Each structure stands twice: as C-alpha cells, then as structure tokens.
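A.B. asks: The structure file run-v5.csv (CSV, C-alpha atoms) is provided below.
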```csv
chain,number,residue,atom,x,y,z
A,27,ARG,CA,29.9,-4.5,-8.7
A,28,GLN,CA,28.8,-8.0,-7.5
A,29,ASN,CA,29.2,-7.3,-3.7
A,30,LEU,CA,26.5,-4.6,-3.5
A,31,GLY,CA,23.5,-6.8,-2.8
A,32,ALA,CA,20.1,-6.2,-4.3
A,33,ILE,CA,19.6,-2.8,-5.9
A,34,VAL,CA,16.1,-1.6,-6.3
A,35,CYS,CA,14.1,1.3,-7.8
A,36,GLY,CA,14.7,4.4,-5.7
A,37,ASP,CA,18.2,3.5,-4.7
A,38,LYS,CA,20.8,6.3,-5.0
A,39,VAL,CA,24.0,5.0,-6.5
A,40,ILE,CA,27.5,6.0,-7.4
A,41,TRP,CA,28.5,4.9,-10.9
A,42,GLN,CA,31.7,5.0,-12.9
A,43,ALA,CA,31.6,5.8,-16.6
A,44,GLY,CA,33.1,3.2,-19.0
A,45,GLU,CA,33.4,2.9,-22.7
A,46,ASN,CA,30.7,2.9,-25.4
A,47,ASN,CA,28.3,4.9,-23.3
A,48,GLN,CA,28.3,2.2,-20.6
A,49,GLY,CA,28.9,2.4,-16.9
A,50,VAL,CA,29.2,0.3,-13.7
A,51,ILE,CA,27.6,0.9,-10.3
A,52,ILE,CA,30.3,0.9,-7.7
A,53,ALA,CA,28.4,1.8,-4.5
A,54,VAL,CA,24.9,2.3,-3.1
A,55,GLU,CA,24.2,5.2,-0.8
A,56,LYS,CA,22.6,4.7,2.6
A,57,ARG,CA,18.9,4.2,2.3
A,58,GLU,CA,16.4,6.4,4.1
A,59,SER,CA,13.7,3.7,3.8
A,60,LEU,CA,13.2,0.3,2.3
A,61,LEU,CA,9.9,-1.3,1.4
A,62,GLN,CA,10.1,-5.1,1.4
A,63,LYS,CA,7.8,-8.0,0.7
A,64,PRO,CA,8.1,-11.7,1.5
A,65,GLY,CA,9.7,-13.7,-1.2
A,66,PHE,CA,10.2,-17.5,-1.5
A,67,GLY,CA,10.4,-19.2,1.8
A,68,GLY,CA,9.3,-16.1,3.7
A,69,LYS,CA,12.6,-14.4,3.0
A,70,LEU,CA,12.2,-10.6,2.6
A,71,LYS,CA,12.6,-9.2,-0.9
A,72,PRO,CA,13.3,-5.5,-1.4
A,73,MET,CA,10.7,-3.6,-3.5
A,74,ALA,CA,11.7,0.0,-3.4
A,75,ALA,CA,14.1,2.4,-1.5
A,76,ASN,CA,13.9,6.0,-0.3
A,77,ILE,CA,10.2,6.3,-0.8
A,78,ASP,CA,8.2,8.6,1.4
A,79,GLN,CA,4.7,7.9,0.1
A,80,ILE,CA,2.8,4.6,-0.6
A,81,VAL,CA,-0.2,4.8,-2.9
A,82,ILE,CA,-2.4,1.8,-2.2
A,83,VAL,CA,-4.3,1.3,-5.5
A,84,SER,CA,-7.6,-0.6,-5.4
A,85,ALA,CA,-10.5,-0.5,-7.9
A,86,VAL,CA,-14.2,-0.9,-8.1
A,87,GLN,CA,-13.5,-4.0,-10.1
A,88,PRO,CA,-11.8,-6.3,-8.9
A,89,ALA,CA,-13.6,-5.3,-5.6
A,90,PRO,CA,-11.4,-3.6,-2.9
A,91,ASN,CA,-10.0,-5.9,-0.3
A,92,PRO,CA,-9.8,-4.1,3.1
A,93,TYR,CA,-7.6,-6.8,4.6
A,94,LEU,CA,-5.0,-6.3,1.9
A,95,ILE,CA,-5.4,-2.5,2.2
A,96,ASP,CA,-4.8,-2.7,6.0
A,97,ARG,CA,-1.6,-4.8,5.5
A,98,TYR,CA,-0.2,-2.1,3.2
A,99,LEU,CA,-1.2,0.6,5.7
A,100,ILE,CA,0.7,-1.3,8.4
A,101,ALA,CA,3.8,-1.4,6.1
A,102,ALA,CA,3.5,2.3,5.4
A,103,GLU,CA,3.0,3.3,9.0
A,104,ASN,CA,6.1,1.3,10.1
A,105,LEU,CA,8.4,2.4,7.3
A,106,PRO,CA,7.3,5.2,7.9
A,107,ALA,CA,5.8,6.6,4.7
A,108,THR,CA,2.6,8.6,4.1
A,109,PRO,CA,-0.1,6.3,2.8
A,110,ILE,CA,-2.8,7.3,0.3
A,111,ILE,CA,-5.7,5.0,-0.7
A,112,LEU,CA,-6.5,5.4,-4.3
A,113,LEU,CA,-9.8,3.9,-5.6
A,114,ASN,CA,-9.7,3.6,-9.4
A,115,LYS,CA,-12.2,2.7,-12.1
A,116,MET,CA,-15.0,4.7,-10.5
A,117,ASP,CA,-16.8,4.5,-13.8
A,118,LEU,CA,-17.6,0.9,-13.0
A,119,LEU,CA,-19.9,1.8,-10.0
A,120,ASN,CA,-23.3,0.2,-10.3
A,121,ASP,CA,-26.2,-0.7,-8.0
A,122,GLU,CA,-24.4,-3.9,-6.9
A,123,ASN,CA,-21.1,-2.5,-5.8
A,124,ARG,CA,-22.0,1.1,-4.9
A,125,ALA,CA,-22.9,0.6,-1.2
A,126,ASN,CA,-19.7,-1.4,-0.5
A,127,THR,CA,-17.5,0.9,-2.4
A,128,GLU,CA,-18.9,4.0,-0.7
A,129,LYS,CA,-18.6,2.4,2.7
A,130,ILE,CA,-14.9,1.6,2.2
A,131,ILE,CA,-14.2,5.2,1.1
A,132,ARG,CA,-16.1,6.6,4.1
A,133,ASP,CA,-14.5,4.2,6.7
A,134,TYR,CA,-10.9,5.1,5.7
A,135,LYS,CA,-11.7,8.8,5.5
A,136,ASN,CA,-13.2,8.6,9.0
A,137,ILE,CA,-9.9,7.1,10.3
A,138,GLY,CA,-8.0,10.0,8.9
A,139,TYR,CA,-6.6,8.6,5.7
A,140,ARG,CA,-6.6,10.5,2.4
A,141,VAL,CA,-8.7,8.7,-0.2
A,142,ILE,CA,-8.5,9.7,-3.9
A,143,THR,CA,-11.0,8.4,-6.5
A,144,THR,CA,-10.0,8.2,-10.1
A,145,SER,CA,-11.5,7.2,-13.5
A,146,SER,CA,-9.6,7.2,-16.8
A,147,ILE,CA,-13.0,7.0,-18.6
A,148,TYR,CA,-14.3,10.1,-16.9
A,149,ASN,CA,-10.8,11.7,-16.7
A,150,LYS,CA,-11.6,12.2,-13.0
A,151,GLY,CA,-9.3,12.7,-10.0
A,152,PHE,CA,-6.0,13.1,-11.8
A,153,GLU,CA,-5.3,16.7,-10.9
A,154,GLU,CA,-5.7,15.7,-7.2
A,155,LEU,CA,-3.5,12.7,-7.7
A,156,LEU,CA,-0.8,14.7,-9.4
A,157,ALA,CA,-0.9,17.3,-6.6
A,158,ALA,CA,-0.5,14.5,-4.1
A,159,LEU,CA,2.6,13.1,-5.9
A,160,THR,CA,4.3,16.5,-6.2
A,161,THR,CA,7.8,16.6,-4.8
A,162,HIS,CA,7.4,13.1,-3.2
A,163,THR,CA,9.0,9.7,-4.1
A,164,SER,CA,5.9,7.5,-4.2
A,165,ILE,CA,5.2,3.9,-5.1
A,166,PHE,CA,2.0,2.4,-6.6
A,167,VAL,CA,1.1,-0.9,-4.9
A,168,GLY,CA,-1.9,-3.2,-5.2
A,169,LEU,CA,-3.4,-6.2,-7.0
A,170,SER,CA,-2.9,-6.9,-10.7
A,171,GLY,CA,-5.8,-5.4,-12.7
A,172,VAL,CA,-6.5,-2.4,-10.6
A,173,GLY,CA,-5.2,-0.1,-13.3
A,174,LYS,CA,-1.8,1.1,-12.0
A,175,SER,CA,-0.2,1.2,-15.5
A,176,SER,CA,-3.3,3.0,-16.8
A,177,LEU,CA,-3.0,5.6,-14.1
A,178,ILE,CA,0.6,6.3,-15.1
A,179,ASN,CA,-0.4,6.5,-18.8
A,180,GLN,CA,-2.9,9.2,-17.8
A,181,LEU,CA,-0.3,11.1,-15.8
A,182,MET,CA,2.4,10.7,-18.5
A,183,PRO,CA,0.6,9.8,-21.8
A,184,GLU,CA,3.9,10.0,-23.8
A,185,LEU,CA,5.0,6.7,-22.1
A,186,ASP,CA,2.2,4.6,-23.6
A,187,ILE,CA,2.7,1.8,-21.1
A,188,ARG,CA,1.1,-1.6,-22.0
A,189,VAL,CA,-2.0,-2.3,-20.0
A,190,GLY,CA,-3.9,-5.5,-19.4
A,191,VAL,CA,-7.4,-6.7,-19.1
A,192,LEU,CA,-9.3,-8.6,-16.4
A,193,SER,CA,-9.6,-12.3,-16.7
A,194,GLU,CA,-13.1,-13.2,-17.7
A,195,ALA,CA,-12.8,-16.4,-15.7
A,196,SER,CA,-11.6,-15.0,-12.4
A,197,GLY,CA,-12.5,-11.3,-12.6
A,198,GLU,CA,-8.9,-10.7,-11.5
A,199,GLY,CA,-6.1,-8.9,-13.3
A,200,LYS,CA,-3.2,-10.4,-15.2
A,201,HIS,CA,0.3,-9.2,-14.7
A,202,THR,CA,1.4,-6.6,-17.3
A,203,THR,CA,4.1,-4.9,-15.2
A,204,THR,CA,6.7,-7.5,-14.5
A,205,SER,CA,9.4,-5.3,-13.0
A,206,SER,CA,9.5,-2.1,-11.0
A,207,ASN,CA,10.0,1.1,-12.9
A,208,LEU,CA,10.7,4.6,-11.7
A,209,TYR,CA,9.2,7.6,-13.6
A,210,HIS,CA,10.1,11.3,-13.2
A,211,LEU,CA,6.7,13.1,-13.2
A,212,PRO,CA,6.1,16.6,-14.6
A,213,CYS,CA,5.2,17.7,-11.1
A,214,GLU,CA,8.8,17.2,-9.8
A,215,GLY,CA,7.8,14.0,-8.1
A,216,LYS,CA,9.1,10.5,-8.7
A,217,LEU,CA,6.8,7.5,-9.0
A,218,ILE,CA,7.6,3.8,-8.8
A,219,ASP,CA,5.2,1.4,-10.5
A,220,SER,CA,5.5,-2.1,-8.9
A,221,PRO,CA,4.3,-5.4,-10.3
A,222,GLY,CA,0.8,-6.3,-9.3
A,223,VAL,CA,0.5,-8.9,-6.5
A,224,ARG,CA,-1.9,-11.6,-5.6
A,225,ASP,CA,-1.1,-11.1,-1.9
A,226,PHE,CA,1.0,-9.0,0.4
A,227,GLY,CA,2.2,-10.5,3.7
A,228,LEU,CA,3.7,-9.2,6.8
A,229,TRP,CA,6.1,-11.9,7.8
A,230,ASN,CA,8.9,-10.8,10.2
A,231,THR,CA,6.4,-8.3,11.7
A,232,SER,CA,5.9,-8.0,15.4
A,233,GLU,CA,2.7,-7.6,17.3
A,234,ASP,CA,3.7,-4.1,18.2
A,235,ASP,CA,4.3,-3.2,14.6
A,236,ILE,CA,0.8,-4.4,13.7
A,237,LEU,CA,-0.8,-2.6,16.6
A,238,HIS,CA,1.1,0.6,15.6
A,239,GLY,CA,-0.2,0.3,12.1
A,240,PHE,CA,-3.8,0.7,13.2
A,241,ILE,CA,-3.7,4.4,13.9
A,242,GLU,CA,-7.1,4.7,15.4
A,243,PHE,CA,-6.1,2.2,18.2
A,244,ARG,CA,-3.2,4.4,19.4
A,245,ASP,CA,-5.2,6.5,21.9
A,246,TYR,CA,-6.2,3.3,23.7
A,247,ILE,CA,-2.8,1.6,23.9
A,248,GLY,CA,-1.6,1.4,27.5
A,249,HIS,CA,-5.0,1.8,29.0
A,250,CYS,CA,-5.9,-1.9,29.3
A,251,LYS,CA,-6.1,-3.7,32.6
A,252,PHE,CA,-3.1,-5.8,31.8
A,253,SER,CA,0.1,-4.2,30.6
A,254,ASN,CA,0.8,-7.2,28.2
A,255,CYS,CA,-2.8,-7.2,26.8
A,256,SER,CA,-2.9,-8.8,23.4
A,257,HIS,CA,-6.3,-7.3,22.7
A,258,LEU,CA,-7.6,-10.7,21.7
A,259,LYS,CA,-9.2,-12.4,24.8
A,260,GLU,CA,-8.3,-10.4,27.9
A,261,PRO,CA,-10.9,-8.7,30.0
A,262,ASN,CA,-11.0,-4.9,30.5
A,263,CYS,CA,-9.2,-4.3,27.2
A,264,ALA,CA,-9.4,-0.6,26.2
A,265,ILE,CA,-9.3,-1.4,22.5
A,266,LYS,CA,-12.2,-3.8,22.8
A,267,GLN,CA,-14.1,-1.2,24.9
A,268,ALA,CA,-13.5,1.3,22.1
A,269,LEU,CA,-15.0,-1.2,19.7
A,270,GLU,CA,-18.1,-1.5,21.9
A,271,ASP,CA,-18.3,2.3,22.0
A,272,ASN,CA,-18.2,2.4,18.2
A,273,LYS,CA,-15.0,4.4,18.3
A,274,ILE,CA,-13.3,1.8,16.1
A,275,SER,CA,-14.9,-0.3,13.4
A,276,GLN,CA,-15.6,-4.0,13.7
A,277,GLN,CA,-13.9,-4.7,10.4
A,278,ARG,CA,-10.7,-3.0,11.4
A,279,PHE,CA,-10.7,-4.8,14.8
A,280,ASP,CA,-11.3,-8.1,13.1
A,281,ASN,CA,-8.5,-7.5,10.6
A,282,TYR,CA,-6.2,-6.6,13.5
A,283,GLN,CA,-7.0,-9.9,15.3
A,284,LYS,CA,-6.6,-11.9,12.0
A,285,MET,CA,-3.2,-10.4,11.3
A,286,VAL,CA,-1.9,-11.1,14.8
A,287,ARG,CA,-3.0,-14.7,14.5
A,288,GLU,CA,-1.6,-15.1,11.0
A,289,TYR,CA,1.7,-13.3,11.3
A,290,VAL,CA,2.8,-13.3,15.0
A,291,GLN,CA,4.2,-16.6,16.2
```
If you convert what's in this file into structure tokens, what do you get?

C.D. replies:
Amino acid sequence: RQNLGAIVCGDKVIWQAGENNQGVIIAVEKRESLLQKPGFGGKLKPMAANIDQIVIVSAVQPAPNPYLIDRYLIAAENLPATPIILLNKMDLLNDENRANTEKIIRDYKNIGYRVITTSSIYNKGFEELLAALTTHTSIFVGLSGVGKSSLINQLMPELDIRVGVLSEASGEGKHTTTSSNLYHLPCEGKLIDSPGVRDFGLWNTSEDDILHGFIEFRDYIGHCKFSNCSHLKEPNCAIKQALEDNKISQQRFDNYQKMVREYVQ
C-alpha cells in the first residue's frame, strides 16, 4: 500500500496474497530498531530495521579510517546494537601497512570492542565470523571496496554475488552492491548487506549521543568541574584528565572533538 512509508530490509510486514503468485504488503509491524543515514539535504534515510548487531567492515586496503569507524560505533551504541569491527583482506598486510593495521586492532580491542580479522585468500576468520552472526540480525556497513560482498560469498558460496575491484586511480572501491539485501545464513542468523558508502554522517545527533558513543569516556562523565562541560576547552575536565593519564587515546579524543564540532550546532 502507498501509505506505509519507506520499507527497508529487516522490516516485518503483513502481506495479502493475490493472483499469479503475487501479493501486496498491507502493514508494517512496529520496529524494534531503525538504522538511518543522512540522505539528500541532510534528511534521514532508513537503511535497515530490527537489527541487533552492526558489523563495521574495513580492510587493510583501502586503509581503515578510524574516524568513519567511530561514527558507526556511535550509531551502534545509540541504536542500540552490538558493534563488531571486522578487518578484512588481511592477506594484504605488508611492511608499509602492518604497524598501522595492528595499532587499530589493538586500540579497539583495548576499549573492549570485538575485532574479527578475515581473509578470503587465506580462508581465515570465517568460523569466528559465522559464530558471531549466529541467531542475530546483523548488517554489514562500510566503504565500497572493503569486501562485504566477498565475505558473504565466503559464508554462502551458492549465492555467487558479483564483487568489484579497487580503482587503480584512487585505490578506493567501486559500488557493486546498489541496494540492501537480506540473507538467511545457515547459522540461523540473518545478514543485511548494505551498499558501500563514501561517507557516513551523524546529522540530527546530539552532543550527548556522541558522548555516549565513546564507551571508554563513560566512567568520567559527570566528574568535570562544570556540569555543562563540553570537554572541549573547559578547565578541570575529567575526560581531558583521563587523556593526560593515558586512560583514553589521543585519536579517540580528537575524533570526539571533531564530531562535536562537525555535527552539533
């Protein structure tokens, strides 16, 4: 029916059978969660419904972008959904990218996030990934070219999903998945594959939402000198003190400040 609004992967619907093996959706059940992204003009566009796990897929090449990862983590923490960081194409590790890649893995594990590493070439990490997806409704998110479709091919080879290659000019991925698809995994989990993005913003997100999304900051919230501390310039800030004490990382703190300046008016 035309009055139902946008319907997305993961929605639970009521449909009515018609003729010639056709049917019509007549209602959408109440959503338990809805992941959205900014569309044209900053208007929010729904990506997936009723998910309880967000798998943030990065790769050794193109290089992981912690600022993008952190924005997805904030979206997951506020949905709420369990985030998993998946680092793919581990076969591309070399002397140039090894130190940075290993630092990213170590930093997110130290915060408390689950990090899974995979390689289709080495057939590595897929048992752990499949176990993590069991009984959950998950969504793969991330840049184009990080291998989301290849990962699904590895999990469900009978699908033979078309995969792309990195652009030789930019080193970035080209879009091969153009619409979201939901797959029923053999582990009794459901997996939504979303189109790759060039960026993922947090418009219509409050400063509190961003702060809540940095889980290692939570122990220090409410302990600043000023109750309305923005953790940007104020003196006697508990979060900045934690930074000085090496209890939170400089990169995460910098990303927090950058997000507040970028997304909070």

A.B. asks: With distances taken over all atoms listed in the file, which of A:Lys38, A:Lys63, A:Lys174, A:Lys251 is nearest to Ala85 (chain A)?

C.D. replies: A:Lys174

A.B. asks: CA of Asn149 (chain A) to CA of Ser84 (chain A): how many Å, to one decimal?

C.D. replies: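 A separation of 17.0 Å between them.
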
A.B. asks: Find the spatial neighbours of Ile77 (chain A), counting only C-alpha atoms, within a cut-off of 12 Å - ignore same-chain residues fewer than 2 positions away - and output them as a PyMOL selection string.

C.D. replies: chain A and resi 34-38+57-62+73-75+79-81+102+105-109+159+161-166+208+215-219

A.B. asks: Rounded to one decimal, what separation in Å do you get between CA of Pro92 (chain A) and CA of Asn281 (chain A)?

C.D. replies: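 Computing the Euclidean distance for CA of Pro92 (chain A) and CA of Asn281 (chain A) yields 8.3 Å.
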
A.B. asks: Please provide as a ChimeraX atom specification all residues within 9 Å of Leu155 (chain A), with the sequence filter that same-chain residues fewer than 4 positions apart are discarded (counting all atoms listed in the file).

C.D. replies: /A:112,142-144,151,159-160,181

A.B. asks: With all atoms listed in the file as the basis for distance, which of A:Ala89, A:Ile40, A:Ile247, A:Ile241 is at the shortest distance from Thr127 (chain A)?

C.D. replies: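 Among the listed residues, the smallest separation from Thr127 (chain A) belongs to A:Ala89.
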
A.B. asks: How many Å lie between CA of Cys255 (chain A) and CA of Thr231 (chain A), rounded to one decimal?

C.D. replies: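 CA of Thr231 (chain A) lies at a distance of 17.7 Å from CA of Cys255 (chain A).
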
A.B. asks: For Phe243 (chain A), work out the shell of residues within 9 Å, counting only C-alpha atoms and skipping chain neighbours fewer than 4 positions away, then give it as a list in words.

C.D. replies: Leu237, His238, Gly239, Ile247, Ile265, Ala268 and Ile274 of chain A

A.B. asks: Counting only C-alpha atoms, which residue out of A:Glu55, A:Asp117, A:Asp186, A:Asp280 sits closest to Phe240 (chain A)?

C.D. replies: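 When distances to Phe240 (chain A) are compared using only C-alpha atoms, the smallest one comes from A:Asp280.
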
A.B. asks: From the list A:Phe226, A:Tyr289, A:Trp41, A:Tyr209, which residue is nearest Ser170 (chain A) when using all atoms listed in the file?

C.D. replies: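 Comparing A:Phe226, A:Tyr289, A:Trp41, A:Tyr209 against Ser170 (chain A), the winner is A:Phe226.
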
A.B. asks: Counting all atoms listed in the file, which residues sit no farther than 8 Å from the position (-13.9, 5.4, -11.9) in the file's frame? I'd like them as a PyMOL selection string.

C.D. replies: chain A and resi 85-86+113-119+143-148+150

A.B. asks: Counting all atoms listed in the file, which residues of region 39-126 of chain A fall within 12 Å of region 283-288 of chain A, and what is the closest atom pair for each with its distance in Å at one decimal, ordered by chain and rising number, as CSV?

C.D. replies:
```
residue,atom,partner,partner_atom,distance
A:Tyr93,CA,A:Met285,CA,8.8
A:Leu94,CA,A:Met285,CA,10.4
A:Asp96,CA,A:Met285,CA,9.5
A:Arg97,CA,A:Met285,CA,8.2
A:Tyr98,CA,A:Met285,CA,12.0
A:Ile100,CA,A:Met285,CA,10.3
```

A.B. asks: From the set A:Tyr282, A:Leu228, A:His249, A:Phe152, which residue has the shortest atom-to-atom contact distance to Ser176 (chain A), counting all atoms listed in the file?

C.D. replies: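 Under the stated criterion, the closest residue is A:Phe152.
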
A.B. asks: Report, as JSON, the axis-aligned box around all atoms of region 270-279 of chain A present in the file, extended by 4 Å on each side; give centre and edge lengths in Å to one decimal place.

C.D. replies:
```
{"center_x": -14.5, "center_y": -0.2, "center_z": 16.2, "size_x": 15.6, "size_y": 17.2, "size_z": 19.6}
```

A.B. asks: Set the distance at 10 Å and use only C-alpha atoms: which residues neighbour Ile52 (chain A) once local chain neighbours fewer than 2 positions away are removed? I'd like the list as a short mmCIF file (atom, residue, chain, number, x, y, z; two decimals) with C-alpha atoms, keeping the file's coordinate frame.

C.D. replies:
```
data_model
loop_
_atom_site.label_atom_id
_atom_site.label_comp_id
_atom_site.auth_asym_id
_atom_site.auth_seq_id
_atom_site.Cartn_x
_atom_site.Cartn_y
_atom_site.Cartn_z
CA ARG A 27 29.90 -4.50 -8.70
CA GLN A 28 28.80 -8.00 -7.50
CA ASN A 29 29.20 -7.30 -3.70
CA LEU A 30 26.50 -4.60 -3.50
CA VAL A 39 24.00 5.00 -6.50
CA ILE A 40 27.50 6.00 -7.40
CA TRP A 41 28.50 4.90 -10.90
CA GLN A 42 31.70 5.00 -12.90
CA GLY A 49 28.90 2.40 -16.90
CA VAL A 50 29.20 0.30 -13.70
CA VAL A 54 24.90 2.30 -3.10
#
```

A.B. asks: Tell me which of A:Arg278, A:Arg244, A:Pro212, A:Ile51 sits closest to Ala264 (chain A), counting all atoms listed in the file.

C.D. replies: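 Among the listed residues, A:Arg244 lies closest to Ala264 (chain A).
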